[in-house]
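Written below as structure tokens is the structure these notes are about.
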Amino acid sequence: MRWWRGVACQVGGWQVERAQWKEEMARFKAERKAARGTGRVPEHPGPPPTGFALLPWLLMGMGALSNLLQGQTSDPWIGALGLLTFNSLYIYVTFRSFDKARRRQPATRVALGLMALVTSALAIGYGGSWLMFFPLLGLATGATLRGPWLGRVGLLLAGYAGVVSWMRDGSDGVTIAYGTFLSTMVTAAILSLAEAVRELRAAREELARRAVEKERLRFSRDLHDLLGHTLSVIVVKSEAARRLAPRDLDAALTQIGDIESVGRQALTEIREAVTGYREGSLATELDRARSALSAAGVQPVVRQSGTPLAPQAEALLGWVVREAVTNVVRHSDASRCEIAVDSAAERVRLTVTDNGTASDDVPREAAGGADRVPRGIGGTGLTGLTERLATAGGSLRAGPGPRGGFAVTAELPVETAELASLGALTVPNAS
């Protein structure tokens, strides 16, 4: 019963593989037909090879079958049983050889060993046309084995086939040995090359998919960093203009003019972000921070000390200022915000602190610092900034300040190989 269940499972596996092969073939034909109209080469290389590709070689055993049918074989029942066993093992081994996981299983190697024993018995017992099973054994061996041992196994198998053939038929020994070695090595070379090409194609498709995901993530970060800050400034200045309009029309018109300027700048930045050529500036972001904080009724205090920074470091720190100030305006209810930039010989530190009230209802998402952060800073903005700074060899900490309020601290190396290599990467990623 177990033997019949095994046969049924194998037949079922062949049927599934045949259905998959038909599906792949249909897709390949459709792509080739579509490509023919445009003059392009179809991207899909065709259906993956399966055991069906090696089935026609079983016709090499037609001579042995003819001997059986014509009664030229002694003990025909034994010969028929041997022929059936060899063909079954050949089909079993070849179909499993095109699946890397099943090819490496012990069952496949055991079946190949049994196939070698049956081939030896038939060749020694009958000779003549039955010696052609050695090249078929070489085909199965080349389809199954990979790696540095393949050449040695091919030589040993060819030598053994040649010795057996010479003992049976003399002059055919060299021919059988050559055919066995050639079938082993050529089959292994062709299938290995086809497998490598498909793996390279799959790797290329995976790289393309990851590149698309990376660009989508970049664009998502850009929209968050640009629109989140800009819309917050526009809202704050609009509220200021509404409050000033009844008593000071000139001041309200000034705020409205600032809204127009911020809107135009936002359009420019979005265009630059879409094309991936936006460059950040710490000085520009500090000026915008002063304007946004003043419009929100928050007293800005900005201090800078130390040596000038590299453009890449300025771009990264500029985005930290933008994100931190946006959260101060939107969430802190602060009356004072301090921004300090201290550049030492090796590292630069940026600190943004306020005297507002930090909310404890949102879990923190970045490493280091306190366990909780105010609403808004623990989402896409802080996560993106943390990743950017970590890529450049820096760090970002956010949490309640030592004297109350909330503090965001960013540190970067003044000039490192990691930061220099981000010259082209940081700009679009931080836009």
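We label chains A, B, ... in the order they appear in the structure tokens, count residues from 1 in each chain, and number ligands from 1 in the order shown.
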
So which residues touch Val325 of chain A within 9 Å, counting only C-alpha atoms, skipping near sequence neighbours fewer than 2 positions away, as a compact mmCIF listing (two decimals) with N, CA and C atoms, in the first residue's frame?
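Done, and the output landed in result32.txt:
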```txt
# COMPACT_ATOMS: atom_id res chain seq x y z
N HIS A 229 5.63 70.64 7.40
CA HIS A 229 6.15 71.90 7.92
C HIS A 229 5.48 73.09 7.26
N ALA A 289 12.64 78.91 10.75
CA ALA A 289 12.22 78.55 12.10
C ALA A 289 11.90 79.80 12.92
N ALA A 292 8.51 81.08 11.68
CA ALA A 292 7.38 80.25 12.07
C ALA A 292 7.12 80.35 13.56
N LEU A 293 8.17 80.33 14.38
CA LEU A 293 7.99 80.42 15.83
C LEU A 293 7.42 81.78 16.23
N VAL A 320 16.34 68.33 10.58
CA VAL A 320 16.02 68.14 11.99
C VAL A 320 15.37 69.40 12.55
N VAL A 321 15.93 70.56 12.21
CA VAL A 321 15.35 71.83 12.65
C VAL A 321 13.91 71.95 12.15
N ARG A 322 13.69 71.64 10.90
CA ARG A 322 12.35 71.77 10.33
C ARG A 322 11.36 70.88 11.07
N GLU A 323 11.71 69.62 11.28
CA GLU A 323 10.79 68.68 11.93
C GLU A 323 10.54 69.07 13.38
N ASN A 327 6.91 70.48 15.15
CA ASN A 327 6.25 69.87 16.29
C ASN A 327 6.10 70.84 17.44
N VAL A 328 7.06 71.76 17.60
CA VAL A 328 6.90 72.79 18.63
C VAL A 328 5.68 73.66 18.32
N VAL A 329 5.54 74.06 17.06
CA VAL A 329 4.43 74.93 16.67
C VAL A 329 3.10 74.20 16.81
N ARG A 330 3.07 72.92 16.46
CA ARG A 330 1.79 72.21 16.40
C ARG A 330 1.37 71.61 17.73
N CYS A 337 11.47 78.72 22.54
CA CYS A 337 12.13 77.59 21.88
C CYS A 337 13.59 77.96 21.61
N VAL A 352 17.22 71.19 19.97
CA VAL A 352 16.02 72.02 19.90
C VAL A 352 15.20 71.72 21.15
```

Exercise. Running DSSP on the backbone, which parts of segment 188-342 of chain A land in strand (DSSP E), as an MDAnalysis selection string?
Worked result: chainID A and resid 299:306 336:342

Those same residues - N, CA and C atoms - I'd like them written as a short mmCIF file (atom, residue, chain, number, x, y, z; two decimals), in the first residue's frame.
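Once written, again_3.cif looks like this:
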```cif
data_model
loop_
_atom_site.label_atom_id
_atom_site.label_comp_id
_atom_site.auth_asym_id
_atom_site.auth_seq_id
_atom_site.Cartn_x
_atom_site.Cartn_y
_atom_site.Cartn_z
N GLN A 299 8.83 82.53 21.38
CA GLN A 299 10.07 83.30 21.30
C GLN A 299 11.21 82.41 20.82
N PRO A 300 11.80 82.72 19.64
CA PRO A 300 12.91 81.89 19.15
C PRO A 300 14.25 82.39 19.70
N VAL A 301 15.09 81.45 20.13
CA VAL A 301 16.45 81.76 20.57
C VAL A 301 17.38 80.83 19.82
N VAL A 302 18.23 81.41 18.96
CA VAL A 302 19.11 80.61 18.11
C VAL A 302 20.55 80.93 18.44
N ARG A 303 21.34 79.89 18.68
CA ARG A 303 22.76 80.06 18.97
C ARG A 303 23.55 79.11 18.08
N GLN A 304 24.64 79.64 17.49
CA GLN A 304 25.54 78.84 16.68
C GLN A 304 26.98 79.09 17.12
N SER A 305 27.76 78.00 17.19
CA SER A 305 29.16 78.14 17.57
C SER A 305 29.94 77.02 16.92
N GLY A 306 31.26 77.27 16.73
CA GLY A 306 32.11 76.25 16.17
C GLY A 306 32.46 76.52 14.72
N ARG A 336 8.63 79.56 24.47
CA ARG A 336 10.04 79.80 24.17
C ARG A 336 10.63 78.53 23.56
N CYS A 337 11.47 78.72 22.54
CA CYS A 337 12.13 77.59 21.88
C CYS A 337 13.59 77.96 21.61
N GLU A 338 14.49 77.11 22.07
CA GLU A 338 15.91 77.36 21.89
C GLU A 338 16.48 76.37 20.87
N ILE A 339 17.25 76.90 19.94
CA ILE A 339 17.92 76.07 18.93
C ILE A 339 19.41 76.35 19.04
N ALA A 340 20.17 75.30 19.37
CA ALA A 340 21.61 75.47 19.58
C ALA A 340 22.36 74.54 18.64
N VAL A 341 23.35 75.10 17.93
CA VAL A 341 24.22 74.32 17.03
C VAL A 341 25.64 74.48 17.53
N ASP A 342 26.24 73.38 17.99
CA ASP A 342 27.61 73.39 18.52
C ASP A 342 28.45 72.45 17.67
#
```

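When atom CA of Ala161 of chain A is paired with atom CA of Leu182 of chain A, their separation reads 12.2 Å.
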
For this session: Please identify all polymer residues within 9 Å of segment 65-71 of chain A, counting only C-alpha atoms, omitting same-chain residues fewer than 4 positions from it, and present them as a PyMOL selection string.
Result: chain A and resi 61+76-77+79-80+83+129

Selection above as a file: N, CA and C atoms, as a JSON list (two decimals), in the first residue's frame:
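Wrote again_19.json, looks like this:
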```json
[["chain", "number", "residue", "atom", "x", "y", "z"],
["A", 61, "GLY", "N", 16.61, 4.11, -25.46],
["A", 61, "GLY", "CA", 16.35, 2.75, -25.01],
["A", 61, "GLY", "C", 15.44, 1.97, -25.94],
["A", 76, "PRO", "N", 13.14, -12.64, -20.94],
["A", 76, "PRO", "CA", 12.49, -11.37, -21.31],
["A", 76, "PRO", "C", 11.74, -10.72, -20.15],
["A", 77, "TRP", "N", 11.18, -11.53, -19.24],
["A", 77, "TRP", "CA", 10.44, -10.91, -18.14],
["A", 77, "TRP", "C", 11.37, -10.11, -17.22],
["A", 79, "GLY", "N", 14.20, -8.78, -18.25],
["A", 79, "GLY", "CA", 14.57, -7.60, -19.03],
["A", 79, "GLY", "C", 13.48, -6.55, -19.03],
["A", 80, "ALA", "N", 12.21, -6.98, -19.17],
["A", 80, "ALA", "CA", 11.10, -6.02, -19.17],
["A", 80, "ALA", "C", 10.99, -5.33, -17.82],
["A", 83, "LEU", "N", 13.80, -2.85, -17.60],
["A", 83, "LEU", "CA", 13.53, -1.67, -18.43],
["A", 83, "LEU", "C", 12.51, -0.76, -17.77],
["A", 129, "SER", "N", 22.42, -3.26, -27.20],
["A", 129, "SER", "CA", 21.64, -2.03, -27.10],
["A", 129, "SER", "C", 21.42, -1.59, -25.67]]
```

Exercise. Which polymer residues have any atom within 8 Å of an atom of segment 86-98 of chain A, counting only C-alpha atoms, with same-chain residues fewer than 3 positions away left out, as a PyMOL selection string?
Worked result: chain A and resi 10+14+49-52+54-55+58+82-83+102-103+108+111-112+114-115+118-119+137+140+143-144
